[in-house]
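Text of the file data_25.pdb, holding PDB, C-alpha atoms and all ligand atoms:
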ATOM      1  CA  MET Y   1     -20.988 -18.420 -10.970
ATOM      2  CA  SER Y   2     -20.479 -14.679 -11.523
ATOM      3  CA  ALA Y   3     -17.857 -13.538 -14.021
ATOM      4  CA  LEU Y   4     -17.323 -10.317 -12.094
ATOM      5  CA  LYS Y   5     -13.879  -9.963 -10.590
ATOM      6  CA  ASN Y   6     -13.387  -9.080  -6.938
ATOM      7  CA  LEU Y   7     -10.986  -6.547  -5.468
ATOM      8  CA  LEU Y   8     -10.125  -6.363  -1.781
ATOM      9  CA  LEU Y   9      -8.644  -2.992  -0.967
ATOM     10  CA  VAL Y  10      -7.164  -2.788   2.522
ATOM     11  CA  GLY Y  11      -7.033   0.837   3.649
ATOM     12  CA  GLY Y  12     -10.397   1.894   2.276
ATOM     13  CA  THR Y  13     -10.246   5.383   3.797
ATOM     14  CA  SER Y  14      -6.905   6.297   2.273
ATOM     15  CA  ASP Y  15      -6.681   8.858  -0.509
ATOM     16  CA  ILE Y  16      -4.641   6.521  -2.701
ATOM     17  CA  GLY Y  17      -6.959   3.638  -1.827
ATOM     18  CA  ARG Y  18     -10.071   5.570  -2.858
ATOM     19  CA  SER Y  19      -8.538   6.529  -6.208
ATOM     20  CA  THR Y  20      -7.410   2.965  -6.817
ATOM     21  CA  ALA Y  21     -10.779   1.463  -5.917
ATOM     22  CA  LEU Y  22     -12.437   3.895  -8.350
ATOM     23  CA  GLN Y  23     -10.279   2.556 -11.183
ATOM     24  CA  TYR Y  24     -11.365  -1.008 -10.441
ATOM     25  CA  ALA Y  25     -15.027  -0.053 -10.111
ATOM     26  CA  GLN Y  26     -14.850   1.785 -13.448
ATOM     27  CA  ALA Y  27     -13.456  -1.398 -14.995
ATOM     28  CA  GLY Y  28     -16.475  -3.330 -13.724
ATOM     29  CA  TRP Y  29     -14.943  -5.012 -10.672
ATOM     30  CA  ARG Y  30     -16.793  -5.712  -7.448
ATOM     31  CA  VAL Y  31     -14.945  -3.887  -4.665
ATOM     32  CA  VAL Y  32     -14.585  -4.513  -0.933
ATOM     33  CA  LEU Y  33     -13.072  -1.659   1.068
ATOM     34  CA  ALA Y  34     -11.563  -2.830   4.374
ATOM     35  CA  ALA Y  35     -11.044  -0.123   6.971
ATOM     36  CA  ARG Y  36     -10.890   0.461  10.703
ATOM     37  CA  ASN Y  37     -13.231   3.432  10.267
ATOM     38  CA  PRO Y  38     -16.215   1.928   8.440
ATOM     39  CA  GLU Y  39     -18.283   5.143   8.361
ATOM     40  CA  GLU Y  40     -15.601   6.969   6.406
ATOM     41  CA  ALA Y  41     -15.047   3.959   4.160
ATOM     42  CA  ARG Y  42     -18.815   3.816   3.589
ATOM     43  CA  ARG Y  43     -18.733   7.384   2.265
ATOM     44  CA  ASN Y  44     -15.998   6.394  -0.200
ATOM     45  CA  ALA Y  45     -17.908   3.253  -1.153
ATOM     46  CA  ASP Y  46     -21.143   5.176  -1.786
ATOM     47  CA  ASP Y  47     -19.322   7.785  -3.842
ATOM     48  CA  ILE Y  48     -17.575   5.161  -5.982
ATOM     49  CA  ALA Y  49     -20.791   3.166  -6.411
ATOM     50  CA  ALA Y  50     -22.719   6.291  -7.426
ATOM     51  CA  ARG Y  51     -20.092   7.233  -9.991
ATOM     52  CA  THR Y  52     -19.665   3.783 -11.518
ATOM     53  CA  GLY Y  53     -22.682   1.647 -10.730
ATOM     54  CA  ALA Y  54     -20.332  -0.971  -9.285
ATOM     55  CA  GLU Y  55     -21.016  -2.985  -6.130
ATOM     56  CA  VAL Y  56     -18.807  -1.526  -3.398
ATOM     57  CA  THR Y  57     -19.048  -2.873   0.144
ATOM     58  CA  VAL Y  58     -17.210  -2.185   3.384
ATOM     59  CA  GLU Y  59     -15.642  -4.592   5.879
ATOM     60  CA  LEU Y  60     -14.298  -3.621   9.281
ATOM     61  CA  LEU Y  61     -10.591  -4.316   9.777
ATOM     62  CA  ASP Y  62      -8.027  -2.818  12.120
ATOM     63  CA  VAL Y  63      -4.775  -4.186  10.707
ATOM     64  CA  LEU Y  64      -3.093  -4.047  14.108
ATOM     65  CA  LYS Y  65      -5.498  -6.783  15.286
ATOM     66  CA  THR Y  66      -3.549  -9.467  13.497
ATOM     67  CA  ASP Y  67      -5.270 -12.339  15.328
ATOM     68  CA  GLU Y  68      -8.512 -11.340  13.550
ATOM     69  CA  PHE Y  69      -7.064 -11.768  10.047
ATOM     70  CA  ALA Y  70      -8.135 -15.363   9.426
ATOM     71  CA  GLY Y  71     -11.725 -14.658  10.521
ATOM     72  CA  PHE Y  72     -11.767 -11.522   8.387
ATOM     73  CA  ILE Y  73     -10.735 -13.483   5.286
ATOM     74  CA  ASP Y  74     -13.323 -16.175   6.026
ATOM     75  CA  ARG Y  75     -16.071 -13.544   6.254
ATOM     76  CA  LEU Y  76     -15.295 -11.948   2.884
ATOM     77  CA  PRO Y  77     -18.109 -12.333   0.340
ATOM     78  CA  ALA Y  78     -15.564 -13.946  -2.019
ATOM     79  CA  LEU Y  79     -11.866 -14.709  -2.037
ATOM     80  CA  PRO Y  80     -10.579 -11.685  -4.007
ATOM     81  CA  ASP Y  81      -8.940 -11.968  -7.425
ATOM     82  CA  THR Y  82      -6.710  -9.054  -6.442
ATOM     83  CA  VAL Y  83      -5.802  -7.750  -3.000
ATOM     84  CA  ILE Y  84      -4.202  -4.336  -2.623
ATOM     85  CA  CYS Y  85      -2.815  -3.232   0.713
ATOM     86  CA  VAL Y  86      -2.389   0.535   1.000
ATOM     87  CA  VAL Y  87      -2.418   0.921   4.793
ATOM     88  CA  GLY Y  88       0.399   2.943   6.193
ATOM     89  CA  GLU Y  89       1.383   5.378   8.911
ATOM     90  CA  LEU Y  90       4.020   8.034   8.287
ATOM     91  CA  GLY Y  91       4.285   8.765  11.999
ATOM     92  CA  ASP Y  92       6.509  11.361  13.603
ATOM     93  CA  GLN Y  93      10.186  10.436  13.419
ATOM     94  CA  ALA Y  94      11.230  12.692  16.326
ATOM     95  CA  ARG Y  95       8.518  11.234  18.545
ATOM     96  CA  ALA Y  96       9.339   7.658  17.506
ATOM     97  CA  GLN Y  97      12.931   8.144  18.695
ATOM     98  CA  THR Y  98      11.804   8.121  22.354
ATOM     99  CA  ASP Y  99       8.194   6.900  22.285
ATOM    100  CA  ALA Y 100       8.380   3.143  21.831
ATOM    101  CA  ALA Y 101       4.603   2.790  21.481
ATOM    102  CA  HIS Y 102       4.558   5.253  18.574
ATOM    103  CA  ALA Y 103       7.571   3.630  16.924
ATOM    104  CA  THR Y 104       5.914   0.231  17.327
ATOM    105  CA  SER Y 105       2.743   1.507  15.681
ATOM    106  CA  VAL Y 106       4.718   2.808  12.680
ATOM    107  CA  ILE Y 107       6.633  -0.458  12.340
ATOM    108  CA  ARG Y 108       3.576  -2.673  12.751
ATOM    109  CA  THR Y 109       1.311  -0.615  10.463
ATOM    110  CA  ASN Y 110       3.792  -0.388   7.611
ATOM    111  CA  PHE Y 111       5.418  -3.792   7.870
ATOM    112  CA  GLU Y 112       4.133  -6.405  10.299
ATOM    113  CA  ALA Y 113       0.407  -6.056   9.641
ATOM    114  CA  PRO Y 114       0.491  -5.843   5.818
ATOM    115  CA  ALA Y 115       2.975  -8.734   5.662
ATOM    116  CA  LEU Y 116       0.913 -11.013   7.913
ATOM    117  CA  LEU Y 117      -2.362 -10.248   6.137
ATOM    118  CA  LEU Y 118      -0.955 -10.680   2.632
ATOM    119  CA  SER Y 119       0.781 -13.864   3.737
ATOM    120  CA  LEU Y 120      -2.529 -15.450   4.765
ATOM    121  CA  LEU Y 121      -4.168 -14.346   1.524
ATOM    122  CA  ALA Y 122      -1.231 -15.738  -0.461
ATOM    123  CA  GLU Y 123      -1.846 -19.186   1.021
ATOM    124  CA  ARG Y 124      -5.536 -19.014   0.037
ATOM    125  CA  PHE Y 125      -4.552 -17.876  -3.468
ATOM    126  CA  LEU Y 126      -2.137 -20.802  -3.691
ATOM    127  CA  ILE Y 127      -4.895 -23.276  -2.857
ATOM    128  CA  ARG Y 128      -7.127 -21.702  -5.519
ATOM    129  CA  GLY Y 129      -4.227 -21.421  -7.966
ATOM    130  CA  SER Y 130      -4.658 -17.755  -8.905
ATOM    131  CA  GLY Y 131      -4.549 -14.223  -7.563
ATOM    132  CA  THR Y 132      -2.699 -10.943  -7.617
ATOM    133  CA  ILE Y 133      -1.159  -9.413  -4.502
ATOM    134  CA  VAL Y 134      -0.263  -5.730  -4.476
ATOM    135  CA  GLY Y 135       1.610  -4.050  -1.665
ATOM    136  CA  VAL Y 136       1.977  -0.286  -1.518
ATOM    137  CA  SER Y 137       5.411   0.296  -0.061
ATOM    138  CA  SER Y 138       7.475   3.459  -0.556
ATOM    139  CA  VAL Y 139      10.663   4.870  -2.019
ATOM    140  CA  ALA Y 140      11.454   5.622   1.647
ATOM    141  CA  GLY Y 141      12.280   1.912   1.989
ATOM    142  CA  ASP Y 142      15.062   2.121  -0.606
ATOM    143  CA  ARG Y 143      17.519   3.731   1.809
ATOM    144  CA  GLY Y 144      17.282   4.775   5.441
ATOM    145  CA  ARG Y 145      17.336   8.539   5.915
ATOM    146  CA  GLY Y 146      17.766  10.545   9.102
ATOM    147  CA  SER Y 147      14.420  12.298   8.697
ATOM    148  CA  ASN Y 148      12.176   9.203   8.651
ATOM    149  CA  TYR Y 149      14.038   5.977   9.328
ATOM    150  CA  PHE Y 150      11.349   4.226  11.396
ATOM    151  CA  TYR Y 151       8.872   4.591   8.526
ATOM    152  CA  GLY Y 152      11.620   3.885   5.961
ATOM    153  CA  ALA Y 153      12.839   0.788   7.789
ATOM    154  CA  ALA Y 154       9.308  -0.576   8.057
ATOM    155  CA  LYS Y 155       8.719   0.024   4.333
ATOM    156  CA  ALA Y 156      12.085  -1.603   3.565
ATOM    157  CA  GLY Y 157      10.901  -4.637   5.519
ATOM    158  CA  PHE Y 158       7.637  -4.679   3.582
ATOM    159  CA  THR Y 159       9.470  -4.341   0.260
ATOM    160  CA  ALA Y 160      11.745  -7.263   1.197
ATOM    161  CA  PHE Y 161       8.733  -9.323   2.274
ATOM    162  CA  LEU Y 162       7.003  -8.720  -1.076
ATOM    163  CA  SER Y 163      10.195  -9.612  -2.923
ATOM    164  CA  GLY Y 164      10.507 -12.880  -1.027
ATOM    165  CA  LEU Y 165       6.847 -13.750  -1.520
ATOM    166  CA  ARG Y 166       7.136 -13.006  -5.254
ATOM    167  CA  ASN Y 167      10.218 -15.195  -5.459
ATOM    168  CA  ARG Y 168       8.455 -18.080  -3.713
ATOM    169  CA  LEU Y 169       5.222 -17.803  -5.750
ATOM    170  CA  ALA Y 170       6.783 -17.096  -9.156
ATOM    171  CA  ALA Y 171       6.126 -20.585 -10.493
ATOM    172  CA  SER Y 172       2.562 -20.737  -9.148
ATOM    173  CA  GLY Y 173       1.078 -18.090 -11.436
ATOM    174  CA  ILE Y 174       0.333 -15.773  -8.524
ATOM    175  CA  ARG Y 175       1.632 -12.258  -9.108
ATOM    176  CA  VAL Y 176       3.112 -10.110  -6.396
ATOM    177  CA  VAL Y 177       3.499  -6.433  -7.281
ATOM    178  CA  THR Y 178       5.368  -3.840  -5.241
ATOM    179  CA  ILE Y 179       4.239  -0.253  -5.699
ATOM    180  CA  LYS Y 180       6.689   2.445  -4.713
ATOM    181  CA  PRO Y 181       5.095   5.865  -4.661
ATOM    182  CA  GLY Y 182       7.336   8.869  -4.204
ATOM    183  CA  PHE Y 183       5.432  11.871  -2.908
ATOM    184  CA  VAL Y 184       1.684  11.695  -3.449
ATOM    185  CA  ARG Y 185      -0.489  14.703  -2.656
ATOM    186  CA  THR Y 186      -2.611  13.117   0.094
ATOM    187  CA  ARG Y 187      -3.375  13.933   3.708
ATOM    188  CA  MET Y 188      -0.305  11.866   4.668
ATOM    189  CA  ILE Y 189       2.033  14.617   3.453
ATOM    190  CA  GLU Y 190      -0.302  17.551   4.058
ATOM    191  CA  GLY Y 191       1.680  20.741   4.750
ATOM    192  CA  MET Y 192       4.947  19.293   3.348
ATOM    193  CA  LYS Y 193       6.604  21.263   0.536
ATOM    194  CA  THR Y 194       7.463  18.758  -2.203
ATOM    195  CA  PRO Y 195       8.867  19.318  -5.721
ATOM    196  CA  GLY Y 196       6.178  19.197  -8.415
ATOM    197  CA  LEU Y 197       8.100  16.830 -10.681
ATOM    198  CA  LEU Y 198       8.387  14.294  -7.861
ATOM    199  CA  THR Y 199       4.826  14.647  -6.553
ATOM    200  CA  ALA Y 200       2.025  12.543  -7.997
ATOM    201  CA  GLU Y 201      -1.705  13.086  -7.616
ATOM    202  CA  PRO Y 202      -3.839  10.395  -5.949
ATOM    203  CA  ASP Y 203      -5.761   9.749  -9.206
ATOM    204  CA  GLU Y 204      -2.534   9.316 -11.148
ATOM    205  CA  THR Y 205      -1.378   6.897  -8.450
ATOM    206  CA  GLY Y 206      -4.638   4.940  -8.578
ATOM    207  CA  ARG Y 207      -4.300   4.597 -12.350
ATOM    208  CA  ALA Y 208      -0.667   3.497 -12.014
ATOM    209  CA  ILE Y 209      -1.608   0.844  -9.457
ATOM    210  CA  PHE Y 210      -4.471  -0.497 -11.597
ATOM    211  CA  ARG Y 211      -2.224  -0.622 -14.663
ATOM    212  CA  ALA Y 212       0.609  -2.302 -12.774
ATOM    213  CA  ALA Y 213      -1.673  -4.934 -11.249
ATOM    214  CA  GLU Y 214      -4.016  -5.710 -14.118
ATOM    215  CA  THR Y 215      -2.290  -4.971 -17.422
ATOM    216  CA  GLY Y 216       1.384  -4.417 -16.693
ATOM    217  CA  ARG Y 217       4.111  -6.993 -16.262
ATOM    218  CA  GLY Y 218       6.406  -5.162 -13.874
ATOM    219  CA  ASP Y 219       7.209  -6.516 -10.431
ATOM    220  CA  VAL Y 220       8.361  -3.308  -8.779
ATOM    221  CA  VAL Y 221       6.678  -0.167 -10.020
ATOM    222  CA  TYR Y 222       7.620   3.425  -9.225
ATOM    223  CA  VAL Y 223       4.483   5.543  -9.631
ATOM    224  CA  ARG Y 224       6.507   8.315 -11.287
ATOM    225  CA  PRO Y 225       9.325   6.603 -13.192
ATOM    226  CA  VAL Y 226      11.720   9.481 -12.386
ATOM    227  CA  TRP Y 227      11.812   8.113  -8.823
ATOM    228  CA  ARG Y 228      13.622   4.965  -9.986
ATOM    229  CA  ALA Y 229      16.492   7.138 -11.207
ATOM    230  CA  VAL Y 230      16.413   9.328  -8.098
ATOM    231  CA  MET Y 231      16.514   6.337  -5.743
ATOM    232  CA  THR Y 232      19.225   4.603  -7.801
ATOM    233  CA  VAL Y 233      21.434   7.658  -7.345
ATOM    234  CA  ILE Y 234      20.570   7.925  -3.638
ATOM    235  CA  SER Y 235      21.289   4.217  -3.136
ATOM    236  CA  LEU Y 236      24.700   4.546  -4.826
ATOM    237  CA  ILE Y 237      25.987   7.376  -2.621
ATOM    238  CA  PRO Y 238      28.768   5.894  -0.483
ATOM    239  CA  GLU Y 239      27.938   5.742   3.228
ATOM    240  CA  PRO Y 240      30.808   8.071   4.309
ATOM    241  CA  LEU Y 241      29.284  10.780   2.096
ATOM    242  CA  PHE Y 242      25.663   9.821   2.722
ATOM    243  CA  LYS Y 243      25.988  10.238   6.488
ATOM    244  CA  ARG Y 244      27.033  13.870   5.989
ATOM    245  CA  LEU Y 245      23.929  14.725   3.950
ATOM    246  CA  ARG Y 246      20.820  16.004   5.676
ATOM    247  CA  LEU Y 247      18.080  13.983   3.978
TER     248      LEU Y 247
HETATM  249  N1  LIG Z 301       1.316  10.096   0.299
HETATM  250  C1  LIG Z 301       2.596   9.840   0.023
HETATM  251  O1  LIG Z 301       3.403  10.758  -0.266
HETATM  252  C2  LIG Z 301       3.093   8.410   0.023
HETATM  253  C3  LIG Z 301       4.376   8.168  -0.440
HETATM  254  C4  LIG Z 301       4.873   6.870  -0.440
HETATM  255  C5  LIG Z 301       4.073   5.837   0.014
HETATM  256  N2  LIG Z 301       2.816   6.100   0.476
HETATM  257  C6  LIG Z 301       2.021   4.984   0.983
HETATM  258  O2  LIG Z 301       0.775   4.943   0.338
HETATM  259  C7  LIG Z 301      -0.178   4.302   1.195
HETATM  260  C8  LIG Z 301      -1.452   5.127   1.245
HETATM  261  O3  LIG Z 301      -1.160   6.376   1.845
HETATM  262  P1  LIG Z 301      -1.961   7.726   1.565
HETATM  263  O4  LIG Z 301      -1.002   8.696   1.043
HETATM  264  O5  LIG Z 301      -3.215   7.433   0.788
HETATM  265  O6  LIG Z 301      -2.273   8.207   3.043
HETATM  266  P2  LIG Z 301      -3.517   8.030   4.001
HETATM  267  O7  LIG Z 301      -4.716   8.620   3.350
HETATM  268  O8  LIG Z 301      -3.093   8.572   5.311
HETATM  269  O9  LIG Z 301      -3.695   6.457   4.096
HETATM  270  C9  LIG Z 301      -3.257   5.649   5.148
HETATM  271  C10 LIG Z 301      -4.304   4.558   5.336
HETATM  272  O10 LIG Z 301      -3.849   3.581   6.279
HETATM  273  C11 LIG Z 301      -4.951   3.303   7.126
HETATM  274  N3  LIG Z 301      -4.546   2.720   8.400
HETATM  275  C12 LIG Z 301      -3.554   3.131   9.224
HETATM  276  N4  LIG Z 301      -3.520   2.345  10.324
HETATM  277  C13 LIG Z 301      -4.519   1.426  10.171
HETATM  278  C14 LIG Z 301      -5.002   0.353  10.961
HETATM  279  N5  LIG Z 301      -4.450   0.050  12.146
HETATM  280  N6  LIG Z 301      -6.019  -0.410  10.496
HETATM  281  C15 LIG Z 301      -6.600  -0.115   9.311
HETATM  282  N7  LIG Z 301      -6.200   0.903   8.510
HETATM  283  C16 LIG Z 301      -5.175   1.664   8.946
HETATM  284  C17 LIG Z 301      -5.600   4.665   7.332
HETATM  285  O11 LIG Z 301      -6.862   4.517   7.941
HETATM  286  P3  LIG Z 301      -7.544   5.716   8.816
HETATM  287  O12 LIG Z 301      -8.246   6.592   7.836
HETATM  288  O13 LIG Z 301      -8.478   4.976   9.718
HETATM  289  O14 LIG Z 301      -6.436   6.434   9.548
HETATM  290  C18 LIG Z 301      -5.631   5.120   5.876
HETATM  291  O15 LIG Z 301      -6.694   4.509   5.186
HETATM  292  C19 LIG Z 301       0.522   4.141   2.550
HETATM  293  O16 LIG Z 301       0.997   2.828   2.667
HETATM  294  C20 LIG Z 301       1.684   5.107   2.443
HETATM  295  O17 LIG Z 301       2.752   4.727   3.294
HETATM  296  C21 LIG Z 301       2.298   7.362   0.482
END
Output the structure of this file as structure tokens.
Ligand SMILES: NC(=O)c1ccc[n+]([C@@H]2O[C@H](COP(=O)([O-])OP(=O)(O)OC[C@H]3O[C@@H](n4cnc5c(N)ncnc54)[C@H](OP(=O)(O)O)[C@@H]3O)[C@@H](O)[C@H]2O)c1
Amino acid sequence: MSALKNLLLVGGTSDIGRSTALQYAQAGWRVVLAARNPEEARRNADDIAARTGAEVTVELLDVLKTDEFAGFIDRLPALPDTVICVVGELGDQARAQTDAAHATSVIRTNFEAPALLLSLLAERFLIRGSGTIVGVSSVAGDRGRGSNYFYGAAKAGFTAFLSGLRNRLAASGIRVVTIKPGFVRTRMIEGMKTPGLLTAEPDETGRAIFRAAETGRGDVVYVRPVWRAVMTVISLIPEPLFKRLRL
């Protein structure tokens, strides 16, 4: 039996996902990138393999095809030691307000799909008796804001799901880690003006995720710690005042 550890990274074409997978490959892990666009994921896999010498493979997965999840897990070369789900869709809030299909896609991509996939993996981890589950949620889930409440509500749902799963699995030795990035300079926020202090780089985020999952002990990790303070303040603003703010 090989001593190499296995990472499953769901969202293998994402900027944060690529940086995170690189960290694992550098630490000697075998990596599977799951993505709905396998050609793009293949480019990431080849790049990571060339830079690290690690084995990096690609599996096709559209997370909105939830009925394919069980078959997908069965086809994996190995049940992963760690699974990290970074899939997400920021969407367009204004469009989501009247376009139910778009709103549904945002809700399903950020909440329903990651929750259902990680739930199935959690049951497999329970049978084996080990595993680490990492969900990339967002500070946007800490409080609904007028500018992106479909995305924020879906992330809030995902955060609550991870909290519940962690609570249920606490005694089993299976870790569940919630990652809350603030702004990260990726294509998701391309063109947005964001304050430097509150904006992390993808590599920094990848390192923070690796640390949180493999060496840290935290359950809920803000990529830049300043965000914990920012979101605590935002969460404490009384609703009568909050509703007057344009956030
Ligand atoms: N960037 C930020 O400021 C920020 C802040 C807070 C939280 N986050 C979260 O961080 C995570 C990674 O985001 P990112 O910044 O790296 O942006 P990104 O590059 O746009 O990543 C989004 C990923 O989700 C994948 N995806 C979307 N729908 C999918 C589907 N149906 N099936 C399979 N994959 C699907 C995308 O695949 P395709 O390439 O095929 O579209 C892409 O790999 C997301 O969960 C995001 O919400 C980001």
Problem set entry | All residues having an atom within 6 Å of ligand LIG 301 (chain Z) (all atoms listed in the file) as a ChimeraX atom specification | /Y:11-17,35-37,61-64,86-89,109,136-138,181-189
Problem set entry | Evaluate the PyMOL selection byres (((chain Y and resi 141) around 12) and not hetatm) and report residues as a PyMOL selection string | chain Y and resi 110-111+136-140+142-145+148-161+178-182+231+234-235
Take the residues just selected and output them with C-alpha atoms as an mmCIF file, in the coordinates of the input.
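This is the output file again.cif:
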data_model
loop_
_atom_site.group_PDB
_atom_site.id
_atom_site.type_symbol
_atom_site.label_atom_id
_atom_site.label_comp_id
_atom_site.auth_asym_id
_atom_site.auth_seq_id
_atom_site.Cartn_x
_atom_site.Cartn_y
_atom_site.Cartn_z
ATOM 1 C CA ASN Y 110 3.792 -0.388 7.611
ATOM 2 C CA PHE Y 111 5.418 -3.792 7.870
ATOM 3 C CA VAL Y 136 1.977 -0.286 -1.518
ATOM 4 C CA SER Y 137 5.411 0.296 -0.061
ATOM 5 C CA SER Y 138 7.475 3.459 -0.556
ATOM 6 C CA VAL Y 139 10.663 4.870 -2.019
ATOM 7 C CA ALA Y 140 11.454 5.622 1.647
ATOM 8 C CA ASP Y 142 15.062 2.121 -0.606
ATOM 9 C CA ARG Y 143 17.519 3.731 1.809
ATOM 10 C CA GLY Y 144 17.282 4.775 5.441
ATOM 11 C CA ARG Y 145 17.336 8.539 5.915
ATOM 12 C CA ASN Y 148 12.176 9.203 8.651
ATOM 13 C CA TYR Y 149 14.038 5.977 9.328
ATOM 14 C CA PHE Y 150 11.349 4.226 11.396
ATOM 15 C CA TYR Y 151 8.872 4.591 8.526
ATOM 16 C CA GLY Y 152 11.620 3.885 5.961
ATOM 17 C CA ALA Y 153 12.839 0.788 7.789
ATOM 18 C CA ALA Y 154 9.308 -0.576 8.057
ATOM 19 C CA LYS Y 155 8.719 0.024 4.333
ATOM 20 C CA ALA Y 156 12.085 -1.603 3.565
ATOM 21 C CA GLY Y 157 10.901 -4.637 5.519
ATOM 22 C CA PHE Y 158 7.637 -4.679 3.582
ATOM 23 C CA THR Y 159 9.470 -4.341 0.260
ATOM 24 C CA ALA Y 160 11.745 -7.263 1.197
ATOM 25 C CA PHE Y 161 8.733 -9.323 2.274
ATOM 26 C CA THR Y 178 5.368 -3.840 -5.241
ATOM 27 C CA ILE Y 179 4.239 -0.253 -5.699
ATOM 28 C CA LYS Y 180 6.689 2.445 -4.713
ATOM 29 C CA PRO Y 181 5.095 5.865 -4.661
ATOM 30 C CA GLY Y 182 7.336 8.869 -4.204
ATOM 31 C CA MET Y 231 16.514 6.337 -5.743
ATOM 32 C CA ILE Y 234 20.570 7.925 -3.638
ATOM 33 C CA SER Y 235 21.289 4.217 -3.136
#
Exercise. What lies within 8 Å of Ala103 (chain Y) using only C-alpha atoms, ignoring chain neighbours under 6 positions off, as a list in words?
Worked result: Gly91, Arg95, Ala96, Gln97 and Phe150 of chain Y
Seminar exercise, completed: Residue with the minimum atom-to-atom distance to Gly216 (chain Y), picked from Y:Ala94, Y:Val176, Y:Leu198, Y:Ala45 with all atoms listed in the file counted, is Y:Val176
Exercise. Which of these, Y:Val223, Y:Leu76, Y:Ala171, Y:Leu8, has the shortest distance to Ile133 (chain Y) once you count only C-alpha atoms?
Worked result: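 Smallest distance to Ile133 (chain Y) is found for Y:Leu8.
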Seminar exercise, completed: If you count only C-alpha atoms, the residue of Y:Val134, Y:Ala208, Y:Ile73, Y:Leu90 closest to Tyr222 (chain Y) turns out to be Y:Ala208
Exercise. Expressed in Å to a single decimal, how great is the separation between CA of Leu33 (chain Y) and CA of Val10 (chain Y)?
Worked result: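 Between CA of Leu33 (chain Y) and CA of Val10 (chain Y) the gap works out to 6.2 Å.
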Seminar exercise, completed: For Arg217 (chain Y), the closest of Y:Ser172, Y:Thr132, Y:Thr199, Y:Thr98 counting only C-alpha atoms is Y:Thr132
Exercise. Can you list, as a list in words, every protein, DNA or RNA residue that comes within 10 Å of Thr82 (chain Y) when you count all atoms listed in the file, leaving out same-chain residues fewer than 4 positions away?
Worked result: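 Here the answer would be Lys5, Asn6, Leu7, Leu8, Leu9, Val31, Leu121, Phe125, Ser130, Gly131, Thr132, Ile133, Val134, Ile174, Arg175, Val176, Ala213 and Glu214 of chain Y.
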For this session: Rounded to one decimal place, report the CA of Phe242 (chain Y)-CA of Asp92 (chain Y) distance in Å.
Result: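 That distance, rounded to one decimal, is 22.1 Å.
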